[in-house]
>>> print(open('data-v2.txt').read())   # compact mmCIF, C-alpha atoms
# COMPACT_ATOMS: atom_id res chain seq x y z
CA MET A 20 0.50 -15.87 29.31
CA ARG A 21 0.35 -12.07 29.07
CA LEU A 22 2.61 -12.25 26.03
CA LEU A 23 -0.24 -13.36 23.76
CA SER A 24 -3.42 -11.98 25.25
CA GLY A 25 -5.76 -9.04 24.99
CA GLN A 26 -5.11 -6.39 22.38
CA ARG A 27 -1.79 -7.86 21.25
CA ALA A 28 -3.41 -11.25 20.53
CA TRP A 29 -6.23 -9.49 18.69
CA LEU A 30 -3.76 -7.57 16.51
CA LEU A 31 -1.44 -10.55 15.89
CA GLN A 32 -4.45 -12.69 14.92
CA ARG A 33 -5.30 -10.18 12.18
CA LEU A 34 -1.74 -9.56 10.98
CA THR A 35 -1.01 -13.29 10.74
CA ALA A 36 -4.40 -13.78 9.04
CA VAL A 37 -3.41 -11.37 6.26
CA TYR A 38 0.00 -13.00 5.69
CA VAL A 39 -1.38 -16.56 5.84
CA GLY A 40 -4.34 -15.63 3.63
CA VAL A 41 -2.19 -14.04 0.92
CA TYR A 42 0.28 -16.94 1.10
CA VAL A 43 -2.49 -19.55 0.78
CA ILE A 44 -3.95 -17.76 -2.27
CA LEU A 45 -0.50 -17.58 -3.91
CA ALA A 46 0.19 -21.24 -3.07
CA LEU A 47 -3.16 -22.36 -4.51
CA GLY A 48 -2.41 -20.31 -7.63
CA TYR A 49 0.96 -22.05 -7.93
CA PHE A 50 -0.57 -25.54 -7.66
CA LEU A 51 -3.39 -24.57 -10.03
CA PHE A 52 -1.33 -22.97 -12.79
CA ALA A 53 2.29 -24.08 -12.33
CA ALA A 54 2.17 -27.38 -10.43
CA PRO A 55 5.57 -29.09 -10.31
CA ALA A 56 5.78 -31.97 -12.78
CA SER A 57 8.73 -33.73 -11.15
CA HIS A 58 10.47 -34.19 -7.82
CA ALA A 59 13.46 -32.16 -9.07
CA ALA A 60 11.26 -29.21 -10.08
CA TRP A 61 9.41 -29.33 -6.72
CA VAL A 62 12.68 -29.40 -4.74
CA ALA A 63 14.03 -26.49 -6.82
CA VAL A 64 10.98 -24.37 -5.93
CA ALA A 65 10.71 -25.36 -2.25
CA GLY A 66 14.47 -25.06 -1.78
CA HIS A 67 14.75 -21.59 -3.31
CA PRO A 68 15.91 -19.23 -0.53
CA LEU A 69 13.02 -16.77 -1.04
CA VAL A 70 10.44 -19.56 -0.99
CA ALA A 71 12.04 -21.28 2.01
CA LEU A 72 12.27 -18.03 4.00
CA SER A 73 8.72 -16.92 3.21
CA ALA A 74 7.53 -20.48 3.98
CA ALA A 75 9.32 -20.43 7.35
CA LEU A 76 7.56 -17.15 8.14
CA PHE A 77 4.31 -18.77 6.95
CA VAL A 78 4.82 -21.67 9.37
CA PHE A 79 5.44 -19.22 12.22
CA ALA A 80 2.37 -17.14 11.29
CA VAL A 81 0.12 -20.22 10.99
CA LEU A 82 1.19 -21.57 14.37
CA LEU A 83 0.70 -18.19 16.06
CA HIS A 84 -2.73 -17.82 14.39
CA ALA A 85 -3.68 -21.40 15.30
CA TRP A 86 -2.61 -20.93 18.92
CA ILE A 87 -4.55 -17.68 19.45
CA GLY A 88 -7.64 -19.08 17.68
CA LEU A 89 -7.56 -22.40 19.50
CA ARG A 90 -7.05 -20.67 22.84
CA ASP A 91 -10.10 -18.46 22.17
CA VAL A 92 -12.21 -21.52 21.34
CA VAL A 93 -10.96 -23.57 24.33
CA MET A 94 -11.55 -20.69 26.75
CA ASP A 95 -15.14 -20.36 25.48
CA TYR A 96 -16.11 -24.04 25.69
CA VAL A 97 -13.75 -25.78 28.15
CA HIS A 98 -14.36 -24.45 31.65
CA PRO A 99 -12.86 -26.83 34.27
CA PRO A 100 -9.38 -25.36 34.94
CA GLY A 101 -7.59 -28.75 34.98
CA ILE A 102 -9.02 -29.92 31.67
CA ARG A 103 -8.51 -26.49 30.09
CA LEU A 104 -4.84 -26.45 31.13
CA THR A 105 -4.36 -30.01 29.84
CA VAL A 106 -5.96 -29.23 26.46
CA LEU A 107 -3.97 -26.00 26.03
CA THR A 108 -0.71 -27.72 27.04
CA LEU A 109 -1.28 -30.55 24.56
CA ALA A 110 -2.19 -28.02 21.86
CA ALA A 111 0.93 -25.95 22.50
CA ALA A 112 3.13 -29.06 22.43
CA GLY A 113 1.46 -30.29 19.24
CA LEU A 114 1.80 -26.94 17.48
CA LEU A 115 5.47 -26.65 18.50
CA LEU A 116 6.18 -30.16 17.17
CA MET A 117 4.46 -29.30 13.87
CA GLY A 118 6.54 -26.14 13.61
CA LEU A 119 9.80 -28.00 14.23
CA TRP A 120 8.82 -30.68 11.71
CA ALA A 121 8.04 -28.02 9.08
CA LEU A 122 11.32 -26.19 9.70
CA PHE A 123 13.21 -29.49 9.53
CA ILE A 124 11.67 -30.22 6.10
CA LEU A 125 12.45 -26.70 4.83
CA ILE A 126 16.07 -26.81 6.03
CA ARG A 127 16.64 -30.34 4.69
CA THR A 128 15.24 -29.28 1.30
CA GLY A 129 17.32 -26.10 1.26
CA LEU A 130 20.52 -28.01 1.97
CA SER A 131 19.91 -30.72 -0.62
CA MET B 21 -23.20 -12.47 40.12
CA THR B 22 -25.42 -14.78 38.12
CA ASN B 23 -29.15 -14.37 38.35
CA GLN B 24 -30.53 -17.81 39.22
CA GLU B 25 -34.04 -16.74 38.20
CA ARG B 26 -33.14 -15.79 34.66
CA PRO B 27 -34.84 -17.78 31.92
CA VAL B 28 -32.56 -20.39 30.37
CA PHE B 29 -33.29 -21.68 26.91
CA LEU B 30 -30.76 -24.09 25.50
CA ASP B 31 -32.85 -26.41 23.33
CA LEU B 32 -30.39 -26.79 20.45
CA ARG B 33 -33.12 -28.08 18.11
CA LYS B 34 -35.20 -24.94 18.62
CA ILE B 35 -32.54 -22.22 18.87
CA ARG B 36 -32.59 -20.26 15.62
CA LEU B 37 -29.21 -20.09 13.91
CA PRO B 38 -29.21 -17.12 11.52
CA LEU B 39 -26.73 -17.16 8.65
CA ASN B 40 -24.22 -14.90 10.45
CA ALA B 41 -24.27 -17.23 13.48
CA LEU B 42 -23.81 -20.25 11.19
CA VAL B 43 -20.84 -18.66 9.40
CA SER B 44 -19.36 -17.68 12.77
CA ILE B 45 -19.51 -21.18 14.24
CA LEU B 46 -18.26 -22.69 10.98
CA HIS B 47 -15.27 -20.33 11.13
CA ARG B 48 -14.39 -21.82 14.50
CA ILE B 49 -15.05 -25.44 13.51
CA THR B 50 -13.08 -25.18 10.25
CA GLY B 51 -10.24 -23.48 12.14
CA VAL B 52 -9.94 -26.38 14.57
CA PHE B 53 -10.24 -28.95 11.74
CA LEU B 54 -7.54 -27.15 9.74
CA ILE B 55 -5.17 -27.45 12.70
CA LEU B 56 -5.92 -31.18 12.86
CA ALA B 57 -5.14 -31.44 9.12
CA ILE B 58 -1.65 -29.90 9.49
CA PRO B 59 0.13 -33.20 10.37
CA LEU B 60 -1.31 -34.83 7.24
CA LEU B 61 -0.20 -31.90 5.07
CA LEU B 62 3.26 -31.95 6.66
CA TRP B 63 3.53 -35.67 5.97
CA LEU B 64 2.70 -35.05 2.29
CA PHE B 65 5.11 -32.09 2.18
CA ASP B 66 7.83 -34.22 3.81
CA ARG B 67 7.37 -37.28 1.53
CA SER B 68 7.00 -35.25 -1.66
CA LEU B 69 10.32 -33.47 -1.06
CA ALA B 70 12.29 -36.39 0.41
CA SER B 71 12.67 -38.49 -2.75
CA PRO B 72 11.32 -39.01 -6.29
CA GLU B 73 9.47 -42.09 -4.98
CA GLY B 74 7.92 -40.00 -2.23
CA PHE B 75 6.90 -37.37 -4.79
CA GLU B 76 5.08 -40.03 -6.84
CA GLN B 77 3.54 -41.46 -3.66
CA SER B 78 2.19 -38.02 -2.67
CA ALA B 79 0.87 -37.33 -6.17
CA ALA B 80 -0.87 -40.73 -6.12
CA VAL B 81 -2.77 -39.72 -2.96
CA PHE B 82 -4.58 -37.08 -5.04
CA ARG B 83 -5.52 -39.60 -7.73
CA HIS B 84 -7.13 -42.00 -5.27
CA PRO B 85 -10.93 -41.52 -4.88
CA LEU B 86 -10.61 -41.12 -1.10
CA GLY B 87 -7.82 -38.58 -1.63
CA LEU B 88 -10.03 -36.59 -3.99
CA ILE B 89 -12.88 -36.56 -1.45
CA ALA B 90 -10.51 -35.52 1.34
CA LEU B 91 -9.10 -32.79 -0.92
CA ALA B 92 -12.59 -31.39 -1.55
CA ILE B 93 -13.48 -31.40 2.15
CA GLY B 94 -10.14 -29.93 3.22
CA LEU B 95 -10.32 -27.23 0.54
CA TRP B 96 -13.76 -26.23 1.79
CA TRP B 97 -12.47 -25.97 5.37
CA LEU B 98 -9.62 -23.78 4.12
CA LEU B 99 -11.62 -21.56 1.76
CA HIS B 100 -14.60 -21.14 4.08
CA HIS B 101 -12.20 -20.13 6.85
CA LEU B 102 -10.48 -17.74 4.42
CA PHE B 103 -13.65 -15.99 3.21
CA ALA B 104 -15.23 -15.88 6.67
CA GLY B 105 -11.92 -14.42 7.87
CA ILE B 106 -11.92 -11.76 5.14
CA ARG B 107 -15.44 -10.92 6.34
CA TYR B 108 -14.12 -10.32 9.87
CA LEU B 109 -11.29 -8.16 8.54
CA LEU B 110 -13.83 -6.07 6.59
CA MET B 111 -15.88 -5.69 9.79
CA GLU B 112 -12.81 -4.15 11.46
CA PHE B 113 -13.15 -1.40 8.85
CA GLY B 114 -16.85 -1.01 9.58
CA ILE B 115 -18.12 -2.99 6.57
CA GLY B 116 -21.09 -5.26 7.29
CA GLU B 117 -21.43 -4.38 10.96
CA ASP B 118 -25.16 -3.69 11.07
CA ARG B 119 -27.84 -6.40 11.14
CA GLU B 120 -28.63 -6.48 7.41
CA GLY B 121 -25.00 -6.01 6.39
CA SER B 122 -23.87 -8.80 8.68
CA LEU B 123 -26.42 -11.23 7.21
CA ARG B 124 -25.51 -10.19 3.66
CA THR B 125 -21.73 -10.61 4.10
CA ALA B 126 -22.32 -13.92 5.94
CA ARG B 127 -24.25 -15.21 2.92
CA ASP B 128 -21.56 -13.89 0.55
CA ALA B 129 -18.76 -15.56 2.54
CA LEU B 130 -20.63 -18.88 2.69
CA TYR B 131 -21.32 -18.89 -1.07
CA ALA B 132 -17.82 -17.66 -1.95
CA GLY B 133 -16.28 -20.50 0.06
CA ILE B 134 -18.43 -23.11 -1.67
CA VAL B 135 -17.95 -21.72 -5.19
CA ALA B 136 -14.18 -21.29 -4.71
CA THR B 137 -13.93 -24.85 -3.37
CA VAL B 138 -15.64 -26.26 -6.47
CA LEU B 139 -13.50 -24.18 -8.84
CA VAL B 140 -10.16 -24.88 -7.12
CA TRP B 141 -10.96 -28.57 -6.73
CA LEU B 142 -11.86 -28.88 -10.42
CA GLY B 143 -8.75 -26.90 -11.36
CA LEU B 144 -6.49 -29.13 -9.28
CA VAL B 145 -8.07 -32.40 -10.36
CA LEU B 146 -8.63 -31.81 -14.08
>>> encode(input="data-v2.txt", output="C-alpha cells")
Amino acid sequence: MRLLSGQRAWLLQRLTAVYVGVYVILALGYFLFAAPASHAAWVAVAGHPLVALSAALFVFAVLLHAWIGLRDVVMDYVHPPGIRLTVLTLAAAGLLLMGLWALFILIRTGLS
Amino acid sequence: MTNQERPVFLDLRKIRLPLNALVSILHRITGVFLILAIPLLLWLFDRSLASPEGFEQSAAVFRHPLGLIALAIGLWWLLHHLFAGIRYLLMEFGIGEDREGSLRTARDALYAGIVATVLVWLGLVL
C-alpha cells in the first residue's frame, strides 16, 4: 500500500489530472467539431496508433486518478476496517476490470 | 486523545456550507459518480467500434430523450470536476488560497462548470 500513498499519491493525482484533463478537452473538441459520421471513420480514428497509444495511457491515468481519489474519499468516510477493506477491494477489482475491458477494445480496434 | 467534553455540532440542516465547501464536496461526489459512469461509457465505446450496427445503436442513445438528459447530467459531473480540479491545481501555485480568493475561485469554478455544460451539450446535440 506504500506504493500509492503520501507524497507520491499526491503528485500522481496531479500529474494524472493534467493528462486526463487535457485529453478530455481534446476529446470533447473532437466530438464537437469533427464527430465521426460513420463506423468506418470512427474505427479509423480510434484504431490509429497514436490515438490508441494515447488512449491506453489515458485509461491508465484515469484508473490511477480514480483509485487515489476514491481511496481518499473512502478513508475519510468509511471507518470500520472490515467494511473499508471490502469497499477498497471491490473498487480495485472493478477499476482493474474496467481497464482490461478498455484495453481489449483498443487492441481489438487496432487489429481490425 | 479525543476530548469527550468538546462541543459537537453536526446538525446538517444548520451547518453553513460556504461556496468553497460546496465546490469541494461536489468535486468528491462528481468524482465518485464519474467512476460509476465508466462502465456505461465503455459499453458505448465497445458497441460503437464493434460493428456498423453498434455504431448506429450508440448514436441512437444520444437521440433518445433519456439519453440527452443523461448526457447533460454526465457532462456536468465531468466539467464541474474538471474546473474544480483546475482550481485545486491553481491553489498549488498559491492562487486563491486566502479566504476571499478561495470563495471567488469556488464561484468561478461552479459557474464555469455550468456554463461549459450548457455550451458543450448544445454543441453536441444541435
>>> atom_distance(input="data-v2.txt", atom1="CA of Ala80 (chain A)", atom2="CA of Leu114 (chain A)")
11.6 Å
>>> closest_atom_pairs(input="data-v2.txt", of="chain A", to="chain B", cutoff="8 Å", atoms="only C-alpha atoms", output="Markdown table")
| residue | atom | partner | partner_atom | distance |
| --- | --- | --- | --- | --- |
| A:Arg33 | CA | B:Leu109 | CA | 7.3 |
| A:Ala36 | CA | B:Gly105 | CA | 7.6 |
| A:Gly40 | CA | B:Leu102 | CA | 6.5 |
| A:Leu47 | CA | B:Val140 | CA | 7.9 |
| A:Phe50 | CA | B:Leu144 | CA | 7.1 |
| A:Leu51 | CA | B:Leu144 | CA | 5.6 |
| A:Ser57 | CA | B:Phe75 | CA | 7.6 |
| A:His58 | CA | B:Pro72 | CA | 5.1 |
| A:Ala59 | CA | B:Pro72 | CA | 7.7 |
| A:Trp61 | CA | B:Leu69 | CA | 7.1 |
| A:Val62 | CA | B:Leu69 | CA | 6.0 |
| A:Ala85 | CA | B:Ile55 | CA | 6.8 |
| A:Gly88 | CA | B:Gly51 | CA | 7.5 |
| A:Leu89 | CA | B:Val52 | CA | 6.8 |
| A:Val92 | CA | B:Arg48 | CA | 7.2 |
| A:Met117 | CA | B:Pro59 | CA | 6.8 |
| A:Trp120 | CA | B:Leu62 | CA | 7.6 |
| A:Ala121 | CA | B:Leu62 | CA | 6.6 |
| A:Ile124 | CA | B:Asp66 | CA | 6.0 |
| A:Thr128 | CA | B:Leu69 | CA | 6.9 |
>>> closest_residue(input="data-v2.txt", among="A:Gly118, A:Gly66, A:Pro99, A:Gly48", to="Val81 (chain A)", atoms="only C-alpha atoms")
A:Gly118
>>> atom_distance(input="data-v2.txt", atom1="CA of Trp96 (chain B)", atom2="CA of Ala129 (chain B)")
11.8 Å
>>> closest_residue(input="data-v2.txt", among="B:Leu91, B:Phe113, B:Leu123, B:Ala136", to="Leu42 (chain B)", atoms="only C-alpha atoms")
B:Leu123
>>> atom_distance(input="data-v2.txt", atom1="CA of Thr125 (chain B)", atom2="CA of Arg107 (chain B)")
6.7 Å
>>> residues_around(input="data-v2.txt", residues="Ala111 (chain A)", least_positions_apart="5", cutoff="9 Å", atoms="all atoms listed in the file", output="list in words")
Trp86, Val106 and Leu116 of chain A
>>> residues_near_point(input="data-v2.txt", point="(16.8, -21.0, 4.1)", cutoff="9 Å", atoms="all atoms listed in the file", output="NGL selection string")
:A and (66-72 or 75 or 125-126 or 128-130)
